[in-house]
file target.cif (mmCIF, C-alpha atoms)
data_data
loop_
_atom_site.label_atom_id
_atom_site.label_comp_id
_atom_site.auth_asym_id
_atom_site.auth_seq_id
_atom_site.Cartn_x
_atom_site.Cartn_y
_atom_site.Cartn_z
CA MET A 1 65.34 85.91 102.64
CA PRO A 2 65.22 89.57 103.78
CA SER A 3 65.96 92.26 101.27
CA PRO A 4 69.38 93.94 101.55
CA ARG A 5 69.48 97.06 103.67
CA GLN A 6 69.48 100.37 101.80
CA TRP A 7 72.41 102.55 102.85
CA LYS A 8 72.45 106.34 102.69
CA VAL A 9 76.02 107.36 101.94
CA GLU A 10 75.29 110.94 103.01
CA ARG A 11 74.61 109.72 106.58
CA LEU A 12 76.37 106.38 106.80
CA ASP A 13 76.76 104.52 110.08
CA ILE A 14 80.30 103.21 109.44
CA ALA A 15 80.23 100.75 112.38
CA ALA A 16 76.98 99.09 111.20
CA PHE A 17 78.10 99.16 107.56
CA ALA A 18 81.36 97.40 108.48
CA ARG A 19 79.66 94.94 110.85
CA GLU A 20 77.29 93.84 108.08
CA ALA A 21 80.12 93.66 105.51
CA ALA A 22 77.91 95.78 103.29
CA GLU A 23 78.79 97.08 99.86
CA VAL A 24 77.38 99.96 97.87
CA ASP A 25 78.37 101.72 94.69
CA GLY A 26 77.16 104.65 92.70
CA ARG A 27 77.68 107.38 90.18
CA SER A 28 77.44 111.01 91.27
CA PRO A 29 77.70 114.13 89.09
CA LEU A 30 81.08 115.83 89.41
CA GLY A 31 79.26 119.10 90.09
CA SER A 32 77.88 117.66 93.36
CA PHE A 33 81.46 117.57 94.71
CA ARG A 34 81.82 121.34 95.20
CA ARG A 35 85.53 121.51 96.06
CA LEU A 36 86.54 119.06 93.34
CA HIS A 37 84.37 120.88 90.79
CA GLU A 38 85.81 124.27 91.77
CA SER A 39 89.39 122.97 91.55
CA GLN A 40 88.98 122.70 87.78
CA PRO A 41 89.93 125.56 85.45
CA GLU A 42 87.00 127.82 84.49
CA ASP A 43 86.76 126.43 80.95
CA GLY A 44 86.81 122.84 82.25
CA ARG A 45 83.77 123.16 84.53
CA ASP A 46 81.14 122.96 81.82
CA ASN A 47 81.39 119.20 81.25
CA THR A 48 77.93 118.20 82.42
CA ASP A 49 78.51 114.53 81.60
CA ALA A 50 81.40 114.24 84.07
CA ALA A 51 80.72 111.89 86.94
CA VAL A 52 82.45 110.29 89.88
CA HIS A 53 82.10 106.51 90.01
CA TRP A 54 82.57 105.15 93.52
CA GLN A 55 82.42 101.85 95.42
CA LEU A 56 82.38 101.28 99.17
CA ALA A 57 82.85 98.03 101.05
CA GLY A 58 82.60 97.74 104.82
CA ARG A 59 84.68 95.22 106.75
CA GLN A 60 86.12 94.50 110.17
CA ASP A 61 89.88 94.32 109.65
CA GLU A 62 92.83 94.19 111.99
CA LEU A 63 94.99 97.28 112.09
CA PRO A 64 98.61 96.11 112.05
CA GLY A 65 100.30 96.68 115.38
CA ILE A 66 97.25 97.01 117.65
CA GLY A 67 95.85 93.47 117.52
CA ARG A 68 92.17 94.30 117.36
CA ARG A 69 89.66 94.50 114.57
CA LEU A 70 88.31 97.89 113.58
CA PRO A 71 85.54 99.06 111.25
CA THR A 72 87.13 99.49 107.84
CA LEU A 73 85.95 101.13 104.67
CA ALA A 74 87.46 100.02 101.36
CA LEU A 75 86.99 102.93 98.99
CA ARG A 76 87.41 103.06 95.23
CA ALA A 77 86.59 106.00 93.02
CA GLN A 78 87.35 107.30 89.54
CA ALA A 79 86.69 110.65 87.91
CA HIS A 80 87.84 112.55 84.83
CA VAL A 81 88.80 115.95 86.22
CA MET A 82 90.00 118.91 84.20
CA VAL A 83 93.29 120.41 85.42
CA GLN A 84 95.43 123.21 84.04
CA CYS A 85 98.88 122.39 82.66
CA GLN A 86 101.41 124.51 84.53
CA ARG A 87 103.71 124.58 81.49
CA CYS A 88 101.39 125.70 78.68
CA LEU A 89 98.41 126.80 80.84
CA GLN A 90 95.96 124.76 78.73
CA PRO A 91 93.34 122.55 80.44
CA PHE A 92 93.46 118.79 80.05
CA ALA A 93 91.57 115.79 81.43
CA PHE A 94 93.24 113.95 84.30
CA ASP A 95 92.04 110.51 85.34
CA ALA A 96 91.90 110.67 89.13
CA SER A 97 91.45 107.31 90.78
CA ILE A 98 91.73 106.06 94.31
CA ASP A 99 91.81 102.66 95.96
CA ARG A 100 92.06 103.22 99.72
CA LYS A 101 91.44 101.38 102.92
CA LEU A 102 90.35 103.55 105.83
CA PHE A 103 90.21 102.39 109.45
CA PHE A 104 87.80 104.02 111.91
CA VAL A 105 88.12 104.42 115.68
CA GLU A 106 86.06 106.16 118.36
CA GLY A 107 87.20 109.73 119.00
CA GLU A 108 89.53 112.27 117.44
CA ASP A 109 92.26 111.71 120.06
CA ALA A 110 92.40 107.95 119.41
CA ALA A 111 92.46 108.54 115.65
CA ALA A 112 95.30 111.09 115.94
CA ALA A 113 97.35 108.83 118.24
CA LEU A 114 96.97 105.75 116.05
CA ASP A 115 97.41 107.66 112.79
CA ALA A 116 100.73 109.10 113.98
CA ASP A 117 102.14 105.59 114.51
CA SER A 118 100.63 103.89 111.47
CA ASP A 119 101.11 103.88 107.72
CA ASP A 120 97.38 103.22 107.37
CA ASP A 121 94.72 105.93 107.22
CA ILE A 122 92.80 106.17 110.50
CA LEU A 123 89.79 108.43 110.92
CA ALA A 124 87.49 109.25 113.82
CA MET A 125 84.12 107.56 113.54
CA GLU A 126 81.06 109.77 113.68
CA PRO A 127 77.46 108.61 114.21
CA ALA A 128 76.54 109.65 110.67
CA THR A 129 79.36 110.12 108.17
CA ASP A 130 78.95 111.68 104.74
CA VAL A 131 81.08 109.19 102.85
CA LEU A 132 80.90 111.27 99.67
CA GLU A 133 82.89 113.95 101.51
CA ILE A 134 85.57 111.33 102.15
CA VAL A 135 85.45 110.35 98.47
CA GLU A 136 85.92 114.01 97.54
CA ASP A 137 88.80 114.45 100.01
CA GLU A 138 90.61 111.42 98.61
CA LEU A 139 90.08 112.47 94.98
CA LEU A 140 91.44 115.94 95.75
CA LEU A 141 94.52 114.30 97.27
CA ALA A 142 94.89 112.21 94.09
CA LEU A 143 95.19 115.30 91.87
CA PRO A 144 98.75 116.21 90.83
CA LEU A 145 100.39 119.07 92.72
CA VAL A 146 101.84 120.44 89.47
CA PRO A 147 99.69 119.18 86.60
CA ARG A 148 101.29 119.16 83.17
CA HIS A 149 101.00 117.41 79.85
CA ASP A 150 103.63 114.82 78.98
CA VAL A 151 103.96 116.81 75.77
CA CYS A 152 102.10 120.11 75.48
CA PRO A 153 99.73 120.17 72.46
CA GLU A 154 100.94 123.56 71.26
CA PRO A 155 104.47 124.91 71.34
CA LEU A 156 105.08 127.42 74.07
CA LEU A 157 105.27 130.99 72.85
CA ALA A 158 108.42 132.92 73.63
CA ARG A 159 107.71 136.01 75.68
CA GLU A 160 108.58 139.40 74.38
CA PRO A 161 111.30 140.88 76.52
CA ASP A 162 110.19 143.83 78.63
CA GLU A 163 113.42 145.69 77.91
CA PRO A 164 115.83 145.59 74.97
CA ALA A 165 118.82 143.31 75.40
CA SER A 166 121.15 146.29 75.56
CA ALA A 167 119.35 147.78 78.58
CA THR A 168 121.35 148.56 81.65
CA HIS A 169 121.38 145.92 84.32
CA PRO A 170 119.18 147.03 87.25
CA PHE A 171 122.11 146.89 89.68
CA ALA A 172 124.57 148.72 87.42
CA ALA A 173 124.03 151.99 89.33
CA LEU A 174 124.86 150.28 92.62
CA ALA A 175 128.00 148.78 91.11
CA ALA A 176 129.07 152.24 89.90
CA LEU A 177 128.53 153.69 93.37
CA ARG A 178 130.54 150.90 94.91
CA GLU A 179 133.39 151.39 92.47
CA GLY A 180 133.33 155.12 93.15
CA SER A 181 133.63 154.58 96.88
CA THR A 182 136.66 152.32 96.52
CA LYS A 183 138.66 154.82 94.40
CA LYS A 184 140.93 157.10 96.39
CA PRO A 185 140.96 160.78 95.56
CA HIS A 186 144.18 162.15 93.98
#
call {"tool": "encode", "arguments": {"input": "target.cif", "output": "structure tokens"}}
result
Amino acid sequence: MPSPRQWKVERLDIAAFAREAAEVDGRSPLGSFRRLHESQPEDGRDNTDAAVHWQLAGRQDELPGIGRRLPTLALRAQAHVMVQCQRCLQPFAFDASIDRKLFFVEGEDAAAALDADSDDDILAMEPATDVLEIVEDELLLALPLVPRHDVCPEPLLAREPDEPASATHPFAALAALREGSTKKPH
């Protein structure tokens, strides 16, 4: 029995990977995903143990509505990413995980046309695809737009007012001018 083919995820031939129904998984340091690493707050980037766990499975699946089988990549990934709470501004660990099915077609135009009419994700196939870039893209999309704790660990501090409460309203002068212009001279 021949040994299983070794796949390079940095230069993966999606069509061949799907045709062979191949599977591969791995663990990559979070720091090797530059954009994901840089999305973390400064004080959250020093976790050298952080890793992205990923799994890829190639298949030939039918895209609903077109009636033909296309190369498909089933993608799963998990990572503990530090994000900054937008309420208390403290960093916290967010468990980003994805479980996606991506269809591949020849050419950008075909991908754009099919993607516009489909709920499924359709990408243009390239001769050598860096699948870890796709993993990174999907993990970035899995991050919350406005990260925040369910309950912030420390109570929020009240801000000191810039002006005393008895200060004049900034538009008080305009109101006085307006009132002056509406009074008729005696």
call {"tool": "resolve_selection", "arguments": {"input": "target.cif", "expression": "the PyMOL selection byres ((chain A and resi 88) around 10)", "output": "PyMOL selection string"}}
result
chain A and resi 84-87+89-91+148-149+151-157
call {"tool": "write_last_selection", "arguments": {"input": "target.cif", "atoms": "C-alpha atoms", "output": "PDB file, keeping the file's coordinate frame"}}
result
ATOM      1  CA  GLN A  84      95.430 123.210  84.040  1.00  0.00           C
ATOM      2  CA  CYS A  85      98.880 122.390  82.660  1.00  0.00           C
ATOM      3  CA  GLN A  86     101.410 124.510  84.530  1.00  0.00           C
ATOM      4  CA  ARG A  87     103.710 124.580  81.490  1.00  0.00           C
ATOM      5  CA  LEU A  89      98.410 126.800  80.840  1.00  0.00           C
ATOM      6  CA  GLN A  90      95.960 124.760  78.730  1.00  0.00           C
ATOM      7  CA  PRO A  91      93.340 122.550  80.440  1.00  0.00           C
ATOM      8  CA  ARG A 148     101.290 119.160  83.170  1.00  0.00           C
ATOM      9  CA  HIS A 149     101.000 117.410  79.850  1.00  0.00           C
ATOM     10  CA  VAL A 151     103.960 116.810  75.770  1.00  0.00           C
ATOM     11  CA  CYS A 152     102.100 120.110  75.480  1.00  0.00           C
ATOM     12  CA  PRO A 153      99.730 120.170  72.460  1.00  0.00           C
ATOM     13  CA  GLU A 154     100.940 123.560  71.260  1.00  0.00           C
ATOM     14  CA  PRO A 155     104.470 124.910  71.340  1.00  0.00           C
ATOM     15  CA  LEU A 156     105.080 127.420  74.070  1.00  0.00           C
ATOM     16  CA  LEU A 157     105.270 130.990  72.850  1.00  0.00           C
TER      17      LEU A 157
END
call {"tool": "closest_residue", "arguments": {"input": "target.cif", "among": "A:Leu174, A:Ala79, A:Ala51, A:Val24", "to": "Leu143 (chain A)", "atoms": "all atoms listed in the file"}}
result
A:Ala79
call {"tool": "closest_residue", "arguments": {"input": "target.cif", "among": "A:Pro64, A:Glu20, A:Ala112, A:Met82", "to": "Ala50 (chain A)", "atoms": "all atoms listed in the file"}}
result
A:Met82
call {"tool": "atom_distance", "arguments": {"input": "target.cif", "atom1": "CA of Thr129 (chain A)", "atom2": "CA of Ala74 (chain A)"}}
result
14.6 Å
call {"tool": "atom_distance", "arguments": {"input": "target.cif", "atom1": "CA of Gln60 (chain A)", "atom2": "CA of Asp109 (chain A)"}}
result
20.8 Å
call {"tool": "resolve_selection", "arguments": {"input": "target.cif", "expression": "the PyMOL selection byres ((chain A and resi 81) around 10)", "output": "PDB file with C-alpha atoms, in the frame of the given file"}}
result
ATOM      1  CA  LEU A  30      81.080 115.830  89.410  1.00  0.00           C
ATOM      2  CA  LEU A  36      86.540 119.060  93.340  1.00  0.00           C
ATOM      3  CA  HIS A  37      84.370 120.880  90.790  1.00  0.00           C
ATOM      4  CA  SER A  39      89.390 122.970  91.550  1.00  0.00           C
ATOM      5  CA  GLN A  40      88.980 122.700  87.780  1.00  0.00           C
ATOM      6  CA  PRO A  41      89.930 125.560  85.450  1.00  0.00           C
ATOM      7  CA  GLY A  44      86.810 122.840  82.250  1.00  0.00           C
ATOM      8  CA  ARG A  45      83.770 123.160  84.530  1.00  0.00           C
ATOM      9  CA  ASN A  47      81.390 119.200  81.250  1.00  0.00           C
ATOM     10  CA  ALA A  50      81.400 114.240  84.070  1.00  0.00           C
ATOM     11  CA  ALA A  51      80.720 111.890  86.940  1.00  0.00           C
ATOM     12  CA  VAL A  52      82.450 110.290  89.880  1.00  0.00           C
ATOM     13  CA  GLN A  78      87.350 107.300  89.540  1.00  0.00           C
ATOM     14  CA  ALA A  79      86.690 110.650  87.910  1.00  0.00           C
ATOM     15  CA  HIS A  80      87.840 112.550  84.830  1.00  0.00           C
ATOM     16  CA  MET A  82      90.000 118.910  84.200  1.00  0.00           C
ATOM     17  CA  VAL A  83      93.290 120.410  85.420  1.00  0.00           C
ATOM     18  CA  PRO A  91      93.340 122.550  80.440  1.00  0.00           C
ATOM     19  CA  PHE A  92      93.460 118.790  80.050  1.00  0.00           C
ATOM     20  CA  ALA A  93      91.570 115.790  81.430  1.00  0.00           C
ATOM     21  CA  PHE A  94      93.240 113.950  84.300  1.00  0.00           C
ATOM     22  CA  ASP A  95      92.040 110.510  85.340  1.00  0.00           C
ATOM     23  CA  ALA A  96      91.900 110.670  89.130  1.00  0.00           C
ATOM     24  CA  LEU A 139      90.080 112.470  94.980  1.00  0.00           C
ATOM     25  CA  LEU A 140      91.440 115.940  95.750  1.00  0.00           C
ATOM     26  CA  LEU A 143      95.190 115.300  91.870  1.00  0.00           C
TER      27      LEU A 143
END
call {"tool": "atom_distance", "arguments": {"input": "target.cif", "atom1": "CA of Glu106 (chain A)", "atom2": "CA of Glu23 (chain A)"}}
result
21.9 Å
call {"tool": "residues_around", "arguments": {"input": "target.cif", "residues": "Leu73 (chain A)", "least_positions_apart": "6", "cutoff": "6 Å", "atoms": "only C-alpha atoms", "output": "list in words"}}
result
Ala57, Gly58, Lys101 and Leu102 of chain A
call {"tool": "closest_residue", "arguments": {"input": "target.cif", "among": "A:Ala21, A:Ala124, A:Val9, A:Leu141", "to": "Asp61 (chain A)", "atoms": "all atoms listed in the file"}}
result
A:Ala21
call {"tool": "resolve_selection", "arguments": {"input": "target.cif", "expression": "the PyMOL selection byres ((chain A and resi 111) around 12)", "output": "ChimeraX atom specification"}}
result
/A:70,102-110,112-118,120-126
call {"tool": "decode", "arguments": {"input": "target.cif", "residues": "region 75-112 of chain A", "atoms": "C-alpha atoms", "output": "short mmCIF file (atom, residue, chain, number, x, y, z; two decimals), in the first residue's frame"}}
result
data_model
loop_
_atom_site.label_atom_id
_atom_site.label_comp_id
_atom_site.auth_asym_id
_atom_site.auth_seq_id
_atom_site.Cartn_x
_atom_site.Cartn_y
_atom_site.Cartn_z
CA LEU A 75 -12.15 23.92 7.21
CA ARG A 76 -12.10 23.85 11.00
CA ALA A 77 -9.91 25.97 13.22
CA GLN A 78 -9.71 27.13 16.82
CA ALA A 79 -7.57 29.76 18.51
CA HIS A 80 -7.51 31.66 21.79
CA VAL A 81 -7.10 35.27 20.70
CA MET A 82 -6.76 38.25 22.99
CA VAL A 83 -9.23 41.06 22.28
CA GLN A 84 -9.86 44.35 24.06
CA CYS A 85 -13.18 44.88 25.83
CA GLN A 86 -14.78 48.01 24.42
CA ARG A 87 -16.53 48.72 27.72
CA CYS A 88 -13.68 48.52 30.26
CA LEU A 89 -10.75 48.52 27.78
CA GLN A 90 -9.17 45.47 29.45
CA PRO A 91 -7.88 42.56 27.32
CA PHE A 92 -9.52 39.15 27.55
CA ALA A 93 -9.20 35.79 25.80
CA PHE A 94 -11.75 35.07 23.09
CA ASP A 95 -12.20 31.55 21.74
CA ALA A 96 -12.39 32.01 17.98
CA SER A 97 -13.55 28.93 16.13
CA ILE A 98 -14.67 28.25 12.61
CA ASP A 99 -16.32 25.34 10.84
CA ARG A 100 -16.68 26.32 7.17
CA LYS A 101 -17.21 24.70 3.83
CA LEU A 102 -15.61 26.50 0.91
CA PHE A 103 -16.33 25.75 -2.75
CA PHE A 104 -13.71 26.47 -5.42
CA VAL A 105 -14.22 27.33 -9.09
CA GLU A 106 -11.90 28.33 -11.94
CA GLY A 107 -11.51 32.10 -12.26
CA GLU A 108 -12.41 35.21 -10.30
CA ASP A 109 -15.37 36.06 -12.56
CA ALA A 110 -17.00 32.64 -12.07
CA ALA A 111 -16.43 32.84 -8.31
CA ALA A 112 -17.97 36.34 -8.11
#
